[in-house]
Structures are given as C-alpha cells and as structure tokens.
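*Asks:* Just so it is clear, I am handing over input-v8.txt, which has compact mmCIF, C-alpha atoms.
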# COMPACT_ATOMS: atom_id res chain seq x y z
CA MET A 1 63.20 115.61 145.91
CA GLY A 2 63.16 117.87 142.93
CA GLY A 3 59.58 117.61 141.73
CA LEU A 4 58.81 114.52 143.74
CA GLN A 5 55.35 114.67 145.26
CA VAL A 6 54.95 112.21 148.09
CA GLY A 7 51.35 111.31 148.78
CA ASP A 8 49.00 114.03 149.91
CA LYS A 9 49.54 116.75 152.48
CA ASP A 10 48.53 114.43 155.32
CA SER A 11 51.00 111.68 154.38
CA PHE A 12 53.54 112.74 156.99
CA VAL A 13 51.21 113.27 159.92
CA PRO A 14 52.18 110.62 162.49
CA GLU A 15 49.83 107.67 162.36
CA LYS A 16 47.84 106.45 165.34
CA GLN A 17 50.57 103.90 165.97
CA LEU A 18 53.02 106.71 166.74
CA ARG A 19 51.88 107.37 170.31
CA ARG A 20 51.73 110.66 172.18
CA VAL A 21 55.10 111.90 173.35
CA ASP A 22 55.83 112.84 176.90
CA ALA A 23 56.74 116.36 178.01
CA LYS A 24 60.41 115.88 177.09
CA GLY A 25 59.73 114.31 173.69
CA VAL A 26 61.57 111.15 174.67
CA GLN A 27 59.18 108.84 172.85
CA ASN A 28 59.49 110.93 169.69
CA GLU A 29 63.26 110.55 169.82
CA THR A 30 62.88 106.83 170.30
CA ALA A 31 60.47 106.52 167.37
CA GLU A 32 62.84 108.58 165.23
CA ARG A 33 65.72 106.25 166.08
CA ILE A 34 63.61 103.20 165.29
CA ILE A 35 62.56 104.66 161.94
CA THR A 36 66.12 105.61 161.00
CA THR A 37 67.36 102.13 161.85
CA SER A 38 64.53 100.43 159.97
CA ILE A 39 65.26 102.45 156.81
CA ARG A 40 68.85 101.21 156.88
CA LEU A 41 67.82 97.58 157.45
CA PHE A 42 64.91 97.54 154.98
CA SER A 43 67.15 99.01 152.27
CA ARG A 44 69.90 96.47 152.92
CA TYR A 45 67.98 93.26 153.61
CA GLY A 46 64.52 93.96 152.18
CA TYR A 47 61.20 93.70 153.97
CA ASP A 48 61.23 89.93 154.43
CA GLY A 49 64.86 89.91 155.53
CA THR A 50 64.28 92.50 158.25
CA SER A 51 62.59 91.49 161.50
CA THR A 52 61.26 93.80 164.18
CA THR A 53 63.61 91.92 166.53
CA ALA A 54 66.57 93.07 164.43
CA VAL A 55 65.23 96.63 164.31
CA ALA A 56 64.85 96.63 168.09
CA ARG A 57 68.36 95.27 168.63
CA GLU A 58 69.98 97.74 166.21
CA SER A 59 67.96 100.63 167.67
CA GLY A 60 68.94 99.77 171.23
CA VAL A 61 65.34 99.30 172.37
CA SER A 62 63.19 96.39 173.46
CA GLN A 63 60.78 94.49 171.23
CA PRO A 64 57.76 95.81 173.17
CA THR A 65 58.99 99.36 172.49
CA ILE A 66 58.75 98.72 168.75
CA HIS A 67 55.15 97.59 169.10
CA TYR A 68 54.35 100.46 171.43
CA HIS A 69 55.13 102.93 168.66
CA PHE A 70 54.14 100.81 165.65
CA SER A 71 51.40 98.22 165.66
CA ASP A 72 53.15 95.84 163.24
CA LYS A 73 56.03 95.56 160.77
CA MET A 74 54.02 96.89 157.82
CA THR A 75 53.10 100.01 159.78
CA LEU A 76 56.77 100.50 160.63
CA TRP A 77 57.76 100.02 156.97
CA LYS A 78 55.23 102.59 155.74
CA ARG A 79 56.24 105.12 158.38
CA ALA A 80 59.90 104.56 157.51
CA MET A 81 59.24 105.05 153.79
CA ARG A 82 57.25 108.25 154.37
CA HIS A 83 59.97 109.56 156.65
CA MET A 84 62.63 108.85 154.04
CA LEU A 85 60.62 110.40 151.20
CA TRP A 86 59.82 113.47 153.26
CA ASN A 87 63.52 114.01 153.99
CA MET A 88 64.36 113.61 150.32
CA THR A 89 61.81 116.28 149.40
CA LYS A 90 62.86 118.61 152.22
CA ASP A 91 66.59 118.31 151.59
CA ASN A 92 66.60 118.77 147.81
CA SER A 93 67.88 122.16 146.68
CA TYR A 94 66.50 121.92 143.15
CA THR A 95 62.80 122.31 143.93
CA GLU A 96 62.59 126.08 143.48
CA THR A 97 64.71 126.00 140.32
CA LEU A 98 62.50 123.30 138.85
CA LEU A 99 59.33 125.21 139.62
CA GLY A 100 60.70 128.30 137.89
CA GLU A 101 62.09 126.57 134.79
CA LYS A 102 59.82 126.98 131.74
CA ASP A 103 61.99 125.18 129.18
CA PRO A 104 60.91 121.48 129.23
CA LEU A 105 64.30 120.17 128.06
CA LYS A 106 66.19 122.11 130.73
CA ARG A 107 63.54 121.07 133.27
CA LEU A 108 63.97 117.39 132.37
CA ARG A 109 67.72 117.67 132.76
CA LEU A 110 67.21 119.37 136.13
CA ARG A 111 64.90 116.54 137.21
CA MET A 112 67.64 114.05 136.40
CA ILE A 113 70.21 116.05 138.37
CA ALA A 114 67.78 116.38 141.28
CA LEU A 115 67.13 112.64 141.29
CA MET A 116 70.83 111.83 141.09
CA GLU A 117 71.55 114.15 144.00
CA ALA A 118 68.66 112.78 146.06
CA VAL A 119 69.80 109.19 145.58
CA ARG A 120 73.40 110.13 146.36
CA VAL A 121 72.35 111.63 149.69
CA HIS A 122 69.52 109.18 150.46
CA LYS A 123 70.91 105.93 149.07
CA ALA A 124 68.25 103.83 150.79
CA PHE A 125 65.54 105.15 148.46
CA GLY A 126 67.00 103.68 145.28
CA ARG A 127 67.75 100.38 146.98
CA VAL A 128 64.25 100.03 148.43
CA VAL A 129 62.66 100.78 145.04
CA MET A 130 64.96 98.23 143.39
CA LEU A 131 64.19 95.53 145.96
CA GLU A 132 60.44 96.13 145.89
CA GLY A 133 60.50 96.40 142.09
CA ILE A 134 61.98 92.90 141.98
CA SER A 135 59.52 91.47 144.51
CA GLY A 136 56.33 93.17 143.34
CA GLY A 137 53.14 93.10 145.36
CA PRO A 138 51.31 95.39 147.80
CA ARG A 139 54.38 97.24 149.07
CA LEU A 140 55.46 98.13 145.55
CA ASN A 141 51.91 99.26 144.75
CA TRP A 142 51.98 101.46 147.87
CA LEU A 143 55.31 103.00 146.79
CA ILE A 144 53.97 103.65 143.31
CA LYS A 145 50.91 105.42 144.71
CA GLU A 146 52.78 107.38 147.38
CA ALA A 147 55.82 108.50 145.41
CA LEU A 148 56.63 106.97 142.05
CA SER A 149 53.50 107.76 140.03
CA PRO A 150 53.60 111.54 140.65
CA PHE A 151 57.35 111.47 140.04
CA TYR A 152 57.00 109.51 136.78
CA ASP A 153 54.11 111.71 135.64
CA GLN A 154 56.36 114.77 135.81
CA PHE A 155 59.00 113.06 133.69
CA VAL A 156 56.34 111.96 131.19
CA ALA A 157 54.94 115.50 130.91
CA ASP A 158 58.38 117.00 130.24
CA ILE A 159 59.28 114.31 127.68
CA GLU A 160 55.99 114.68 125.82
CA GLU A 161 56.38 118.47 125.73
CA CYS A 162 59.92 118.11 124.36
CA GLN A 163 58.78 115.66 121.71
CA ALA A 164 55.78 117.78 120.71
CA SER A 165 58.02 120.81 120.18
CA GLY A 166 60.51 118.82 118.11
CA ARG A 167 63.33 119.20 120.64
CA MET A 168 63.59 115.48 121.36
CA ARG A 169 63.47 112.48 119.07
CA LYS A 170 60.34 110.36 119.27
CA VAL A 171 60.84 107.32 121.48
CA GLU A 172 58.54 105.22 123.65
CA VAL A 173 57.96 107.41 126.69
CA PRO A 174 57.44 104.74 129.41
CA LYS A 175 60.67 102.96 128.40
CA LEU A 176 62.55 106.24 128.38
CA VAL A 177 61.33 107.07 131.90
CA ILE A 178 62.62 103.72 133.16
CA ILE A 179 65.95 104.32 131.39
CA LEU A 180 66.28 107.76 133.00
CA HIS A 181 65.38 106.35 136.42
CA SER A 182 67.94 103.56 136.04
CA VAL A 183 70.70 105.88 134.85
CA ALA A 184 70.07 108.24 137.77
CA THR A 185 70.01 105.59 140.51
CA MET A 186 72.04 102.53 139.51
CA TYR A 187 75.52 103.93 140.20
CA HIS A 188 74.68 104.21 143.91
CA ASN A 189 72.34 101.19 144.07
CA VAL A 190 75.21 98.84 143.15
CA ALA A 191 78.01 100.77 144.83
CA PRO A 192 79.67 97.59 146.24
CA LEU A 193 79.80 96.12 142.72
CA VAL A 194 81.34 99.34 141.35
CA ARG A 195 83.98 99.29 144.09
CA GLU A 196 84.91 95.63 143.62
CA ALA A 197 84.73 95.45 139.81
CA PHE A 198 86.21 98.85 138.91
CA ASN A 199 88.02 100.03 142.07
CA GLU A 200 85.89 103.17 141.97
CA ASP A 201 84.04 104.59 144.95
CA PRO A 202 80.57 106.09 144.26
CA SER A 203 80.70 107.81 147.65
CA ASP A 204 83.59 109.92 146.33
CA MET A 205 82.00 113.21 145.23
CA VAL A 206 84.51 113.65 142.39
CA GLU A 207 83.61 110.23 140.96
CA THR A 208 79.90 110.92 141.39
CA GLU A 209 80.14 114.24 139.56
CA ARG A 210 82.06 112.59 136.70
CA TYR A 211 79.43 109.88 136.46
CA GLN A 212 76.59 112.40 136.47
CA LYS A 213 78.16 114.51 133.73
CA MET A 214 78.91 111.49 131.55
CA ALA A 215 75.46 109.99 132.03
CA LEU A 216 73.63 113.24 131.27
CA ASP A 217 75.76 113.93 128.18
CA ILE A 218 75.17 110.44 126.78
CA VAL A 219 71.42 110.49 127.50
CA PHE A 220 70.62 113.95 126.17
CA LYS A 221 72.86 113.69 123.12
CA GLY A 222 71.19 110.40 122.34
CA LEU A 223 67.76 112.03 122.61
CA ALA A 224 68.60 114.97 120.34
CA PRO A 225 66.46 115.17 117.18
CA GLU A 226 67.91 113.33 114.19
How would this structure read if it were set down as structure tokens?
*Replies:*
Amino acid sequence: MGGLQVGDKDSFVPEKQLRRVDAKGVQNETAERIITTSIRLFSRYGYDGTSTTAVARESGVSQPTIHYHFSDKMTLWKRAMRHMLWNMTKDNSYTETLLGEKDPLKRLRLRMIALMEAVRVHKAFGRVVMLEGISGGPRLNWLIKEALSPFYDQFVADIEECQASGRMRKVEVPKLVIILHSVATMYHNVAPLVREAFNEDPSDMVETERYQKMALDIVFKGLAPE
C-alpha cells in the first residue's frame, strides 16, 4: 500500500512448499484458491480458530492437497499474509504520489488516505493485525518484521519532520502512530458493530468517504500547532 514496504524483494517468491506447477498451471491455480480462502478464514476466525481441514473444505480441495502445497498451517499462514500484503502494495494508487510528495504534512495525510483505501479494499489486513495484536507472540512478531515496522517507520519519519519544522504540535510519536493506525482501520475492522449499532454500512463508498473526511479533519486540526 502507499509507502508500505513488505519484507525484502524475495518475500514474494514462492516458498519450497509451493510445489512446481504442471504445464497448464493447474497447481498454481489451486494454491491461489487455497491462499485466498485461508486469508478470509484467518481474518475472520484467527489462526487458532482456522484449521487446515476448514481451509480444504472451503477451497473445495482435499486435506492432502493442502499439505502438498504447504508443509503445515504456519507455512500456509505466512504465504497467505505475504500474498495479501503484496496485493495491497500492488493495488494501491497512491504510491507514486507519495514518492513525489516533498511536503511532510501533505505526505502524512496521503499515507493516511492510502492506508484507509487499502484497508477498505483489503479488509482482511486490518482484521488480521487486530487479532494478532490482541494475541501477541511469534506471528505478531513476524507481521511486525515483514510489514508493520517499515510502515510505522515511514509515519514516524513524517511526524518527526513535521514537528521539527513547527508544522505539528509536539506529541508522543509512538502513541500518535497507533492513533493514526486505529483511525484509519477501525471503521472497517468493526463493520458489523457499525451496522448494528448505527445502521450505517462501511461498505457503502459514500459512508466511507464521509468517515475518511471527518477523521482526517479531526486528526489534522487536532495536530495543528497551538
């Protein structure tokens, strides 16, 4: 996504567990279907609540097929996360604009918009981060290393540049990064709650755009120098 760096350049090369495809690419299509299904299930039920049996059933394949492509559930989870993050990076239209923006305050606002758009399109990302952030442990550490640390570092750099130039009030940077992350992702992370409590549908683009505008106005007005 806009400015999100996901691991190194080799992160998306299929692992050894993703076997050679046949001449028609059938196995690749099967692995793709398994990965897509696992992203949906992992984001809804979490790692512990998702079994390879459920992934196989929902993918329309046998259990041995899962293990043919992926040696174990952790390998499947990592491949699914890399696939999701790669799509988020590939699909985001803000990357070039971000790279060309020299103003740190405008760049920070663009990063927020890019994150909001990425989470709107790829809702599983925000939900997986929320679930793993609650659980903690090796999977969260992997996500931090692969995606979140580079992403947070870019936010930190922009915030520090804004503060150093006097264009943003001085606040604790790590807490502000978490606030910005939460503001950008929570509307879609708890979409069922929003629907039931407020009769508002986050999947409605009009509602999403209104939320984004309101959130950005509140955040950046609140950060203006006193």
*Asks:* Figure out the distance between atom CA of A:Thr37 and atom CA of A:Val55, please, to one decimal in Å.
*Replies:* 6.4 Å
*Asks:* Take atom CA of A:Gly60 and atom CA of A:Arg33 and report the distance between them in Å, one decimal.
*Replies:*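 Result for atom CA of A:Gly60 versus atom CA of A:Arg33: 8.9 Å, one decimal.
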*Asks:* Using all atoms listed in the file, pick whichever of A:Ile134, A:Ala184, A:Ala147, A:Ile178 has the shortest atom-to-atom distance to A:Ala215.
*Replies:*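 Closest to A:Ala215 of all the choices is A:Ala184.
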*Asks:* List the neighbours of A:Ser38 out to 8 Å using all atoms listed in the file; skip same-chain residues closer than 2 positions along the sequence, and give me the result as a ChimeraX atom specification.
*Replies:* /A:34-36,40-42,55,76-77,80
*Asks:* Quick one: distance from atom CA of A:Arg120 to atom CA of A:Val194 in Å, one decimal?
*Replies:*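 Calculated distance between atom CA of A:Arg120 and atom CA of A:Val194 is 14.3 Å.
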